[in-house]
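Here's the structure we're looking at; comments come further down.
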Amino acid sequence: MLSPADPNWVRSDDFHASFLIPYDETLDHALKNAAESGLPADIAVHAGQGKLLNLLTRTIGAKRVLEVGTLGGYSTIWFARALPKDGQVVTCELQEKYAKVARDNFEYAGVSSKIKILVGPAADTLPTLPTEEKFDLAFIDADKASNLTYFLQAKRLVRRGGIIIVDNVIRNGTVANPDIDDENVRGVRKLLAHIKEDKEVDATTIGTVSEKGYDGFLYALYL
């Protein structure tokens with residue numbers, strides 16, 4: 001989270017979730033287990049975004065999902081639940097410690113059979129994936145400095161008509177602030193500059209306010 005969330009945003013999140021997102025002990029366990037294991041659980045997607053990712057996956061009838069940035073596996077579980085029995089999530093995680101926590105969470109959630117974790121730098125593991133069996137959707141939520149590297153690999157692996165979502169591209173408005181120039185902001189700007197010239201994708205960014213603060217995601221369609 002880049003800045004504290006406005007209490008009105010938190011209240012609104014809780015209000016809408018009380019109608020649309022029933023309490024889920026399994027997902028709650030995943031967050032608690034991650035936090036108790038020392039993972040930065042506060043950077044995981046919030047429940048509303050997890051539900052959105054699940055709905056999008058179901059809407060397009062996805063069977064294969066690529067995720068860059070596993071953390072404790074919270075979003076991965078949302079994806080796995082959206083897939084048919086023979087579906088698969090391939091998720092990339094840099095640190096073995098995080099991957100172990102995620103595996104425990106997958107086992108607890110009963111979705112281990114649908115998930116494959118690739119441990120190591122995603123810039124190294126993604127190029128090893130073959131292009132013969134395409135993914136329907138890719139979700140990028142890892143180090144922002146490497147956004148473009150991950151996006152280009154996702155584009156290589158996603159089918160035509162598939163979706164690529166990149167999280168945390170608004171960053172409390174800092175990406176559009178010329179006075180701010182850290183590596184995360186530069187990573188988002190570099191991605192945006194590439195997409196502007198890439199005629200094979202069509203994309204937009206959606207700003208969001210939530211319990212996580214002011215941020216947003218990029219939604220790209222591979223034409």
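Just so we're on the same page: first chain in the structure tokens is A, next is B, and so on; residues restart at 1 for each chain, and ligands are numbered from 1 in the order they show up.
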_Could you list, as a VMD selection string, every residue within 9 Å of Ser12 (chain A), counting only C-alpha atoms and ignoring same-chain residues fewer than 5 positions away?_
chain A and resid 7 17 210 to 211
Could you write out the selected residues, including C-alpha atoms, as a JSON list (two decimals), in the first residue's frame?
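Now in selection20.json:
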```json
[["chain", "number", "residue", "atom", "x", "y", "z"],
["A", 7, "PRO", "CA", -11.82, 5.29, 5.80],
["A", 17, "ALA", "CA", -18.43, -7.26, 0.13],
["A", 210, "SER", "CA", -10.12, 0.38, -1.85],
["A", 211, "GLU", "CA", -8.87, -0.85, 1.49]]
```
*Tell me, as number ranges by chain, which residues lie within 6 Å of Gly87 (chain A), counting only C-alpha atoms; anything in the same chain fewer than 2 positions away does not count.*
A: 63-64, 83-85
*Any chance you could list, as an NGL selection string, the residues in region 45-201 of chain A that come up alpha helix (DSSP H) when DSSP is run on the backbone?*
:A and (47-59 or 74-82 or 96-109 or 122-125 or 147-157 or 183-197)
*Residue nearest Trp78 (chain A) - candidates A:Ile163, A:Ala44, A:Ala145, A:Ile206, atoms counted: only C-alpha atoms*: A:Ala44
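As for CA of Leu31 (chain A) and CA of Leu148 (chain A), they are spaced 28.3 Å apart.
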*Separation of CA of Gly61 (chain A) from CA of Ser146 (chain A) in Å*: 28.7 Å
*Taking the DSSP assignment computed from this structure's backbone, write out as a VMD selection string all residues of region 135-180 of chain A that belong to strand (DSSP E or B).*
chain A and resid 135 to 140 158 to 167
Selection to disk with C-alpha atoms, as a PDB file, in the first residue's frame:
```pdb
ATOM      1  CA  PHE A 135      -2.663 -19.439 -21.781  1.00  0.00           C
ATOM      2  CA  ASP A 136      -6.033 -17.688 -21.810  1.00  0.00           C
ATOM      3  CA  LEU A 137      -5.164 -15.058 -19.216  1.00  0.00           C
ATOM      4  CA  ALA A 138      -2.023 -13.704 -17.587  1.00  0.00           C
ATOM      5  CA  PHE A 139      -1.847 -11.746 -14.337  1.00  0.00           C
ATOM      6  CA  ILE A 140       1.349  -9.803 -13.577  1.00  0.00           C
ATOM      7  CA  VAL A 158      -1.085 -15.974 -24.210  1.00  0.00           C
ATOM      8  CA  ARG A 159      -3.404 -16.885 -27.078  1.00  0.00           C
ATOM      9  CA  ARG A 160      -4.788 -14.339 -29.513  1.00  0.00           C
ATOM     10  CA  GLY A 161      -7.887 -12.906 -27.897  1.00  0.00           C
ATOM     11  CA  GLY A 162      -6.387 -13.596 -24.479  1.00  0.00           C
ATOM     12  CA  ILE A 163      -6.084 -11.135 -21.608  1.00  0.00           C
ATOM     13  CA  ILE A 164      -3.042  -9.697 -19.832  1.00  0.00           C
ATOM     14  CA  ILE A 165      -3.636  -7.847 -16.556  1.00  0.00           C
ATOM     15  CA  VAL A 166      -0.864  -5.874 -14.852  1.00  0.00           C
ATOM     16  CA  ASP A 167      -1.507  -4.804 -11.272  1.00  0.00           C
TER      17      ASP A 167
END
```
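Among A:Thr205, A:Ala154, A:Arg171, A:Gly48, the residue with the shortest atom-to-atom distance to Phe15 (chain A), counting only C-alpha atoms, is A:Gly48.
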May I have the residues within 12 Å of Gly50 (chain A) as an mmCIF file with N, CA and C atoms, in the first residue's frame, using only C-alpha atoms and disregarding those fewer than 2 positions away in the same chain?
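Result saved to around26.cif:
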```
data_model
loop_
_atom_site.group_PDB
_atom_site.id
_atom_site.type_symbol
_atom_site.label_atom_id
_atom_site.label_comp_id
_atom_site.auth_asym_id
_atom_site.auth_seq_id
_atom_site.Cartn_x
_atom_site.Cartn_y
_atom_site.Cartn_z
ATOM 1 N N ALA A 17 -18.817 -5.866 -0.072
ATOM 2 C CA ALA A 17 -18.426 -7.263 0.130
ATOM 3 C C ALA A 17 -19.455 -8.010 0.974
ATOM 4 N N ILE A 21 -19.548 -10.843 -1.544
ATOM 5 C CA ILE A 21 -18.424 -11.764 -1.319
ATOM 6 C C ILE A 21 -18.587 -12.411 0.053
ATOM 7 N N LEU A 27 -9.857 -18.745 2.218
ATOM 8 C CA LEU A 27 -9.107 -17.567 1.780
ATOM 9 C C LEU A 27 -8.577 -16.793 2.985
ATOM 10 N N ALA A 44 -0.928 -8.428 -1.068
ATOM 11 C CA ALA A 44 -1.786 -9.321 -1.851
ATOM 12 C C ALA A 44 -3.005 -8.549 -2.346
ATOM 13 N N VAL A 45 -3.634 -9.029 -3.397
ATOM 14 C CA VAL A 45 -4.866 -8.392 -3.874
ATOM 15 C C VAL A 45 -5.913 -8.452 -2.769
ATOM 16 N N HIS A 46 -6.832 -7.497 -2.775
ATOM 17 C CA HIS A 46 -7.906 -7.547 -1.785
ATOM 18 C C HIS A 46 -9.035 -8.420 -2.314
ATOM 19 N N ALA A 47 -9.999 -8.704 -1.460
ATOM 20 C CA ALA A 47 -11.051 -9.674 -1.806
ATOM 21 C C ALA A 47 -11.829 -9.258 -3.048
ATOM 22 N N GLY A 48 -12.135 -7.968 -3.171
ATOM 23 C CA GLY A 48 -12.879 -7.511 -4.338
ATOM 24 C C GLY A 48 -12.131 -7.745 -5.632
ATOM 25 N N LEU A 52 -12.981 -10.278 -8.738
ATOM 26 C CA LEU A 52 -12.995 -9.818 -10.124
ATOM 27 C C LEU A 52 -12.146 -10.726 -11.014
ATOM 28 N N LEU A 53 -10.960 -11.085 -10.557
ATOM 29 C CA LEU A 53 -10.098 -11.977 -11.333
ATOM 30 C C LEU A 53 -10.787 -13.326 -11.557
ATOM 31 N N ASN A 54 -11.454 -13.812 -10.535
ATOM 32 C CA ASN A 54 -12.191 -15.065 -10.645
ATOM 33 C C ASN A 54 -13.311 -14.948 -11.679
ATOM 34 N N LEU A 55 -14.057 -13.858 -11.625
ATOM 35 C CA LEU A 55 -15.174 -13.669 -12.557
ATOM 36 C C LEU A 55 -14.682 -13.525 -13.995
ATOM 37 N N LEU A 56 -13.598 -12.781 -14.184
ATOM 38 C CA LEU A 56 -13.051 -12.613 -15.534
ATOM 39 C C LEU A 56 -12.593 -13.955 -16.102
ATOM 40 N N THR A 57 -11.951 -14.750 -15.266
ATOM 41 C CA THR A 57 -11.481 -16.070 -15.696
ATOM 42 C C THR A 57 -12.647 -16.952 -16.113
ATOM 43 N N GLY A 73 -0.129 -17.025 -2.393
ATOM 44 C CA GLY A 73 -1.068 -17.811 -3.189
ATOM 45 C C GLY A 73 -2.522 -17.398 -3.085
ATOM 46 N N TYR A 74 -2.789 -16.228 -2.498
ATOM 47 C CA TYR A 74 -4.182 -15.793 -2.327
ATOM 48 C C TYR A 74 -4.878 -15.618 -3.671
ATOM 49 N N SER A 75 -4.294 -14.839 -4.563
ATOM 50 C CA SER A 75 -4.907 -14.647 -5.885
ATOM 51 C C SER A 75 -4.887 -15.938 -6.689
ATOM 52 N N THR A 76 -3.873 -16.761 -6.476
ATOM 53 C CA THR A 76 -3.777 -18.034 -7.184
ATOM 54 C C THR A 76 -4.971 -18.924 -6.870
ATOM 55 N N ILE A 77 -5.392 -18.913 -5.617
ATOM 56 C CA ILE A 77 -6.553 -19.714 -5.216
ATOM 57 C C ILE A 77 -7.816 -19.200 -5.909
ATOM 58 N N TRP A 78 -7.968 -17.881 -5.993
ATOM 59 C CA TRP A 78 -9.113 -17.317 -6.720
ATOM 60 C C TRP A 78 -9.127 -17.810 -8.166
ATOM 61 N N PHE A 79 -7.953 -17.815 -8.802
ATOM 62 C CA PHE A 79 -7.859 -18.294 -10.187
ATOM 63 C C PHE A 79 -8.181 -19.786 -10.279
ATOM 64 N N ALA A 80 -7.559 -20.583 -9.418
ATOM 65 C CA ALA A 80 -7.733 -22.030 -9.492
ATOM 66 C C ALA A 80 -9.196 -22.429 -9.320
ATOM 67 N N ARG A 81 -9.885 -21.746 -8.462
ATOM 68 C CA ARG A 81 -11.300 -22.039 -8.252
ATOM 69 C C ARG A 81 -12.153 -21.708 -9.472
ATOM 70 N N ALA A 82 -11.665 -20.813 -10.318
ATOM 71 C CA ALA A 82 -12.423 -20.413 -11.509
ATOM 72 C C ALA A 82 -12.246 -21.379 -12.665
ATOM 73 N N PHE A 139 -1.743 -12.758 -15.386
ATOM 74 C CA PHE A 139 -1.847 -11.746 -14.337
ATOM 75 C C PHE A 139 -0.448 -11.457 -13.824
ATOM 76 N N ASP A 167 -1.009 -5.474 -12.469
ATOM 77 C CA ASP A 167 -1.507 -4.804 -11.272
ATOM 78 C C ASP A 167 -0.595 -3.651 -10.851
#
```
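Reported to one decimal place, the separation of CA of Ile60 (chain A) from CA of Ala123 (chain A) is 27.0 Å.
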*Counting only C-alpha atoms, what is within 9 Å of Val68 (chain A), bar same-chain residues fewer than 2 positions away, as number ranges by chain?*
A: 66, 70, 90-93, 122, 126, 138-142, 150
Selection file, N, CA, C and O atoms, as a PDB file, in the first residue's frame:
```pdb
ATOM      1  N   LEU A  66      -1.741 -17.845 -16.400  1.00  0.00           N
ATOM      2  CA  LEU A  66      -0.343 -17.589 -16.049  1.00  0.00           C
ATOM      3  C   LEU A  66      -0.318 -16.460 -15.028  1.00  0.00           C
ATOM      4  O   LEU A  66      -0.931 -15.415 -15.239  1.00  0.00           O
ATOM      5  N   THR A  70       3.535 -15.015  -7.014  1.00  0.00           N
ATOM      6  CA  THR A  70       2.647 -15.891  -6.253  1.00  0.00           C
ATOM      7  C   THR A  70       2.362 -15.351  -4.857  1.00  0.00           C
ATOM      8  O   THR A  70       1.232 -15.395  -4.380  1.00  0.00           O
ATOM      9  N   VAL A  90      -0.277 -21.709 -13.832  1.00  0.00           N
ATOM     10  CA  VAL A  90       1.175 -21.735 -13.703  1.00  0.00           C
ATOM     11  C   VAL A  90       1.575 -20.412 -13.070  1.00  0.00           C
ATOM     12  O   VAL A  90       1.308 -19.344 -13.627  1.00  0.00           O
ATOM     13  N   THR A  91       2.166 -20.467 -11.889  1.00  0.00           N
ATOM     14  CA  THR A  91       2.468 -19.250 -11.151  1.00  0.00           C
ATOM     15  C   THR A  91       3.962 -19.174 -10.836  1.00  0.00           C
ATOM     16  O   THR A  91       4.579 -20.176 -10.455  1.00  0.00           O
ATOM     17  N   CYS A  92       4.525 -18.001 -11.006  1.00  0.00           N
ATOM     18  CA  CYS A  92       5.966 -17.787 -10.850  1.00  0.00           C
ATOM     19  C   CYS A  92       6.257 -17.062  -9.540  1.00  0.00           C
ATOM     20  O   CYS A  92       5.684 -16.000  -9.272  1.00  0.00           O
ATOM     21  N   GLU A  93       7.143 -17.619  -8.757  1.00  0.00           N
ATOM     22  CA  GLU A  93       7.513 -17.004  -7.476  1.00  0.00           C
ATOM     23  C   GLU A  93       9.029 -16.994  -7.318  1.00  0.00           C
ATOM     24  O   GLU A  93       9.690 -18.017  -7.520  1.00  0.00           O
ATOM     25  N   ALA A 122      11.366 -14.734 -12.445  1.00  0.00           N
ATOM     26  CA  ALA A 122      10.422 -14.973 -13.545  1.00  0.00           C
ATOM     27  C   ALA A 122      11.034 -14.621 -14.894  1.00  0.00           C
ATOM     28  O   ALA A 122      10.660 -15.205 -15.913  1.00  0.00           O
ATOM     29  N   LEU A 126      10.074 -17.802 -17.112  1.00  0.00           N
ATOM     30  CA  LEU A 126       9.065 -17.613 -18.158  1.00  0.00           C
ATOM     31  C   LEU A 126       9.554 -18.035 -19.542  1.00  0.00           C
ATOM     32  O   LEU A 126       8.811 -18.679 -20.285  1.00  0.00           O
ATOM     33  N   ALA A 138      -3.241 -13.871 -18.378  1.00  0.00           N
ATOM     34  CA  ALA A 138      -2.023 -13.704 -17.587  1.00  0.00           C
ATOM     35  C   ALA A 138      -2.231 -12.560 -16.596  1.00  0.00           C
ATOM     36  O   ALA A 138      -2.825 -11.534 -16.935  1.00  0.00           O
ATOM     37  N   PHE A 139      -1.743 -12.758 -15.386  1.00  0.00           N
ATOM     38  CA  PHE A 139      -1.847 -11.746 -14.337  1.00  0.00           C
ATOM     39  C   PHE A 139      -0.448 -11.457 -13.824  1.00  0.00           C
ATOM     40  O   PHE A 139       0.238 -12.351 -13.316  1.00  0.00           O
ATOM     41  N   ILE A 140      -0.011 -10.212 -13.950  1.00  0.00           N
ATOM     42  CA  ILE A 140       1.349  -9.803 -13.577  1.00  0.00           C
ATOM     43  C   ILE A 140       1.272  -8.939 -12.322  1.00  0.00           C
ATOM     44  O   ILE A 140       0.688  -7.848 -12.333  1.00  0.00           O
ATOM     45  N   ASP A 141       1.857  -9.431 -11.244  1.00  0.00           N
ATOM     46  CA  ASP A 141       1.827  -8.720  -9.965  1.00  0.00           C
ATOM     47  C   ASP A 141       3.120  -9.023  -9.228  1.00  0.00           C
ATOM     48  O   ASP A 141       3.122  -9.662  -8.175  1.00  0.00           O
ATOM     49  N   ALA A 142       4.230  -8.567  -9.804  1.00  0.00           N
ATOM     50  CA  ALA A 142       5.546  -8.841  -9.233  1.00  0.00           C
ATOM     51  C   ALA A 142       6.339  -7.526  -9.189  1.00  0.00           C
ATOM     52  O   ALA A 142       5.739  -6.462  -9.110  1.00  0.00           O
ATOM     53  N   TYR A 150       8.028  -8.971 -18.169  1.00  0.00           N
ATOM     54  CA  TYR A 150       6.965  -9.930 -17.894  1.00  0.00           C
ATOM     55  C   TYR A 150       5.829  -9.810 -18.914  1.00  0.00           C
ATOM     56  O   TYR A 150       5.259 -10.818 -19.340  1.00  0.00           O
TER      57      TYR A 150
END
```
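When the distance limit is 12 Å and only C-alpha atoms are what count, the residues near Lys100 (chain A), minus those fewer than 2 positions from it on the same chain, are Asn33, Ala34, Ser37, Leu39, Thr70, Leu71, Gly72, Gly73, Glu93, Leu94, Gln95, Glu96, Lys97, Tyr98, Ala102, Arg103, Asp104, Asn105, Phe106, Glu107, Ile117, Leu118 and Val119 of chain A.
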